[in-house]
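Asker: Got a structure here, written out as structure tokens. Questions coming.
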Amino acid sequence: MKISMLTGKHDNSLPRHEIARGKNNLSLLFAKGRRLKSGNLMMMSASVGSQRAGSGASVRVLFTVGKRLVPKAVMRNRIKRLMREAYRLEKPVLLELIAGMAPAEDGGKGVTFIAILYRGSREAVPSLPVFRTEMRTMLQSFAKTAARSASEGDER
RNA sequence: AAACCGCAAGUGUGCAGUCGCUGUGUGGCAUAGUCCAUGCAGAGGAAAGUCCGAACUUCACAGGGCAGGGUGCCGGUCGAGAACCUCUGGUUCAAGCCCGGGGGCAGCGGUGCAAGCCGUCUGCCACAGAGAGUGCAACAGAAAGCGAACCGCCACGGGAAACCGCGGUAAGGGUGAAAAGGCGGUGUAAGAGACCACCAGACAUUCCAGUGAUGGGAUGUGCUAUGAAAACCUCCCCGAAGCAAGGCCAAAUAAGAACGCUCUUCCCCGUCGGGAAUAAGAGUUGCCCGCUCAAUUCAAAAGGGUAUCGCUCUGCUUGCAGAGCAGUGCCCUCGAGAGAGCUUUCGGGUCGGCCGCAUUAGAUAAAUGGCUGCAGCUUCGCCACUUGCUGGCGAUUCACAGAAUUCGGCUUACAGCUUCGGUUUCAGC
RNA sequence: GCGGGUGUAACUCAGUUGGUAGAGUGUUUGCUUCCCAAGCAAAAUGUCGCGAGUUCGAAUCUCGUCACCCGCU
């Protein structure tokens, strides 16, 4: 954590333009996104503009909690804040992995959308370290599958 | 003093560091940005429920009816605000909110034989109309409302008697939530507002007090008319929808309109004037009448050729020819019309975006958070002695709950603390 | 932001001019059978979500409140 703090402040920031938004993009993401499941989280990802993820591409992320799963607005807000904090702290891992991949063929103009959904229980909210470890393993597996699809090439 | 209760009021953990988020001011730049630096601001008492109301916006607004809705006594210098006027101000309207008052019901106390009356008392009341109409009042009871006779009481008739018949009677019994003014007396065969005294209530007229609801008094009438309108209803009152309101900008595709061009087809139709009809669309913000607007159909839009019934005229061979008029049939061009395609233009409008959005929050998968330390609170454990609601150490927890146009009121949720009120217990005087 | 619906026995639902709260399934007991199932007979089971009000009387009428479900760009 200290090392990541020393490498640069911007790696840990999460300004608003890195938050995914727009109804069309998000409906596409939920309709065609690739899914990864973990204990408390589920991740969906899709690329827009380029055919696949690659180095140089920007990443936009979204955090959401279902109203039916967690009825209380305060609990929903707290879970989303914890997920956003976990992503913010684990973001350098993702950036290093993407930088190590083969560069995208279009020069990095595409955008990769990631949605992170909460699927845990509605009473007991997990603590921040739990979210961090789950987020780290999930981002690593995401980068692995993305790299494999990049090496296989795009057949679409 | 303690415990408990309270839809009683208030408060609703604090400070510092660090990593981040949103808005905004200022400054910087070989890079003018999705940049950097820095300052400031950044959830609540309920932000919730959406139960009332107001602002604001759009639509509507000659008028009438139906439906729907209304917590419908009075006053206020309480009220978010709004409208108007003669504009330093005034008037009016305005919530299921606040304060005060009036009236009613129940309780309590006093008084009286009783009915009743009185009250610096307590609690409750959606508090217009049941003397406009319709319907309802289970069971019980004779009878539950165009006024009633079961028992009882009394008179008369019959009978030896028990009793029967017939009539009178609402004082008594019984039923019921409710039984037709109350108590006492006169009176009577027995009774009855039949009559009288004292009360209660209704209606009409009138006087006084009060801003008013209303209260008090006088005279007269009739002696009485049940409850319920949160059953229908009558009277009175009430525009609707809502920031997903509304305004602006504006892709792609499809469809629409106008002008022009090209191609195909031709069943029906073929010149006045004035207008008529249709089924039914839109608006009238729940519906209808009425009103307004638009639409559709017919009417619109002309020339030629040919055949023929009829009429008129001319010619003569007197029954034929020619010309004209009108009608009818057929054909051609043309027109309106239908279909397809193309060019240009236009309007509506979807995705999306901006405004609406602020006066110390202003987002749009929705910012106000994470971590650390110290202090505070709750609970638990251990230790210490000065056994006290004491001190220390460690752990744990920190209620209800998250703005989305704004404001006022209501309701609901709520740990701990403070204050207030009530009940109980203990101690002292 | 606006609008609508539901709440009754363990479960699914009825219940209207307001007047003793019901059906089916299930449960229990008995009969039948060598035993079980099926069948027959009987029984038990209710703060009508909660709190007020109107009424002589409320599941029903009115108001408030709680929980759940649905619709509207």
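If you're wondering about the labels, chains in the structure tokens are A, B, ... by order shown, residues count from 1 in each chain, ligands from 1 in order shown.
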Compile the contact shell of G26 of chain C as a list in words: residues with an atom at most 12 Å away, counting only C-alpha atoms (C1' of nucleotides), same-chain residues fewer than 5 positions apart removed.
Answerer: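 Here the qualifying residues turn out to be A9, A10, C11, U12 and U45 of chain C.
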Asker: I need the chosen residues saved as an mmCIF file, in the first residue's frame, with C-alpha atoms (C1' of nucleotides).
Answerer:
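The result, written out as out.cif:
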data_model
loop_
_atom_site.group_PDB
_atom_site.id
_atom_site.type_symbol
_atom_site.label_atom_id
_atom_site.label_comp_id
_atom_site.auth_asym_id
_atom_site.auth_seq_id
_atom_site.Cartn_x
_atom_site.Cartn_y
_atom_site.Cartn_z
ATOM 1 C "C1'" A C 9 -58.207 -20.979 10.784
ATOM 2 C "C1'" A C 10 -51.659 -24.233 9.814
ATOM 3 C "C1'" C C 11 -52.410 -23.309 3.895
ATOM 4 C "C1'" U C 12 -55.771 -21.480 -0.306
ATOM 5 C "C1'" U C 45 -58.497 -24.536 15.517
#
Asker: Write out as an mmCIF file with N, CA and C atoms (P, O5', C5', C4', C3', O3' and C1' of nucleotides), in the first residue's frame which residues come within 6 Å of segment 48-59 of chain C when counting only C-alpha atoms (C1' of nucleotides), dropping same-chain ones fewer than 5 positions away.
Answerer:
data_model
loop_
_atom_site.group_PDB
_atom_site.id
_atom_site.type_symbol
_atom_site.label_atom_id
_atom_site.label_comp_id
_atom_site.auth_asym_id
_atom_site.auth_seq_id
_atom_site.Cartn_x
_atom_site.Cartn_y
_atom_site.Cartn_z
ATOM 1 P P A B 177 -80.232 -4.828 24.960
ATOM 2 O "O5'" A B 177 -80.350 -3.247 25.123
ATOM 3 C "C5'" A B 177 -79.362 -2.495 25.827
ATOM 4 C "C4'" A B 177 -79.315 -1.090 25.305
ATOM 5 C "C3'" A B 177 -80.663 -0.389 25.227
ATOM 6 O "O3'" A B 177 -80.981 0.242 26.448
ATOM 7 C "C1'" A B 177 -79.498 -0.145 23.176
ATOM 8 P P A B 230 -72.002 11.651 7.583
ATOM 9 O "O5'" A B 230 -70.835 10.626 7.484
ATOM 10 C "C5'" A B 230 -70.920 9.479 6.633
ATOM 11 C "C4'" A B 230 -70.034 8.389 7.160
ATOM 12 C "C3'" A B 230 -70.697 7.468 8.165
ATOM 13 O "O3'" A B 230 -71.266 6.376 7.478
ATOM 14 C "C1'" A B 230 -68.574 8.211 8.949
ATOM 15 P P G C 7 -57.954 -8.971 1.519
ATOM 16 O "O5'" G C 7 -56.799 -9.168 2.583
ATOM 17 C "C5'" G C 7 -55.996 -10.346 2.572
ATOM 18 C "C4'" G C 7 -54.902 -10.268 3.601
ATOM 19 C "C3'" G C 7 -55.388 -10.346 5.048
ATOM 20 O "O3'" G C 7 -54.499 -11.142 5.820
ATOM 21 C "C1'" G C 7 -54.131 -8.360 4.712
ATOM 22 P P U C 8 -54.887 -12.714 6.113
ATOM 23 O "O5'" U C 8 -56.342 -12.616 6.719
ATOM 24 C "C5'" U C 8 -56.534 -12.303 8.084
ATOM 25 C "C4'" U C 8 -57.810 -12.916 8.604
ATOM 26 C "C3'" U C 8 -57.907 -14.433 8.473
ATOM 27 O "O3'" U C 8 -57.198 -15.103 9.505
ATOM 28 C "C1'" U C 8 -59.918 -13.440 7.745
#
Asker: Show me, as JSON, numbers by chain, every residue of chain B with an atom at most 9 Å from chain A, counting only C-alpha atoms (C1' of nucleotides).
Answerer: {"B": [19, 20, 21, 34, 351, 365, 369, 370, 401, 402]}
Asker: Quick one: residues within 12 Å of U278 of chain B, only C-alpha atoms (C1' of nucleotides), excluding same-chain residues fewer than 6 positions away - as a VMD selection string?
Answerer: chain B and resid 295 to 298
Asker: Give me the residues near segment 80-89 of chain B as a list in words, where near means some atom within 6 Å (using only C-alpha atoms (C1' of nucleotides)) and where sequence neighbours in that chain fewer than 6 positions away do not count.
Answerer: A54, C407 and G408 of chain B
Asker: Write a file of the selected residues as a compact mmCIF listing (two decimals), in the first residue's frame, keeping N, CA and C atoms (P, O5', C5', C4', C3', O3' and C1' of nucleotides).
Answerer:
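To be explicit, this is the file written out as again_2.txt:
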# COMPACT_ATOMS: atom_id res chain seq x y z
P A B 54 -53.74 24.91 -1.93
O5' A B 54 -52.40 25.75 -1.86
C5' A B 54 -52.37 26.97 -1.15
C4' A B 54 -50.97 27.52 -1.07
C3' A B 54 -50.25 27.74 -2.40
O3' A B 54 -50.67 28.91 -3.07
C1' A B 54 -48.80 26.69 -0.88
P C B 407 -36.80 23.31 0.89
O5' C B 407 -38.07 24.08 1.44
C5' C B 407 -38.00 25.47 1.72
C4' C B 407 -39.37 26.05 1.95
C3' C B 407 -40.18 25.43 3.08
O3' C B 407 -39.77 25.88 4.36
C1' C B 407 -41.57 25.71 1.20
P G B 408 -39.98 24.92 5.64
O5' G B 408 -41.55 25.04 5.90
C5' G B 408 -42.11 26.26 6.37
C4' G B 408 -43.60 26.13 6.56
C3' G B 408 -44.07 25.00 7.46
O3' G B 408 -43.94 25.29 8.83
C1' G B 408 -45.39 25.04 5.51
Asker: May I have the residues within 8 Å of Ala143 of chain A as a list of chain:residue names, using only C-alpha atoms (C1' of nucleotides) and disregarding those fewer than 5 positions away in the same chain?
Answerer: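 Skipping anything fewer than 5 positions along the chain leaves A:Leu94, A:Leu97, A:Ile98.
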Asker: Using C-alpha atoms, can you export the residues from the last selection as a PDB file, in the first residue's frame?
Answerer:
ATOM      1  CA  LEU A  94      -5.401  -3.756 -12.943  1.00  0.00           C
ATOM      2  CA  LEU A  97      -1.819  -6.086 -15.847  1.00  0.00           C
ATOM      3  CA  ILE A  98      -3.303  -4.137 -18.724  1.00  0.00           C
TER       4      ILE A  98
END
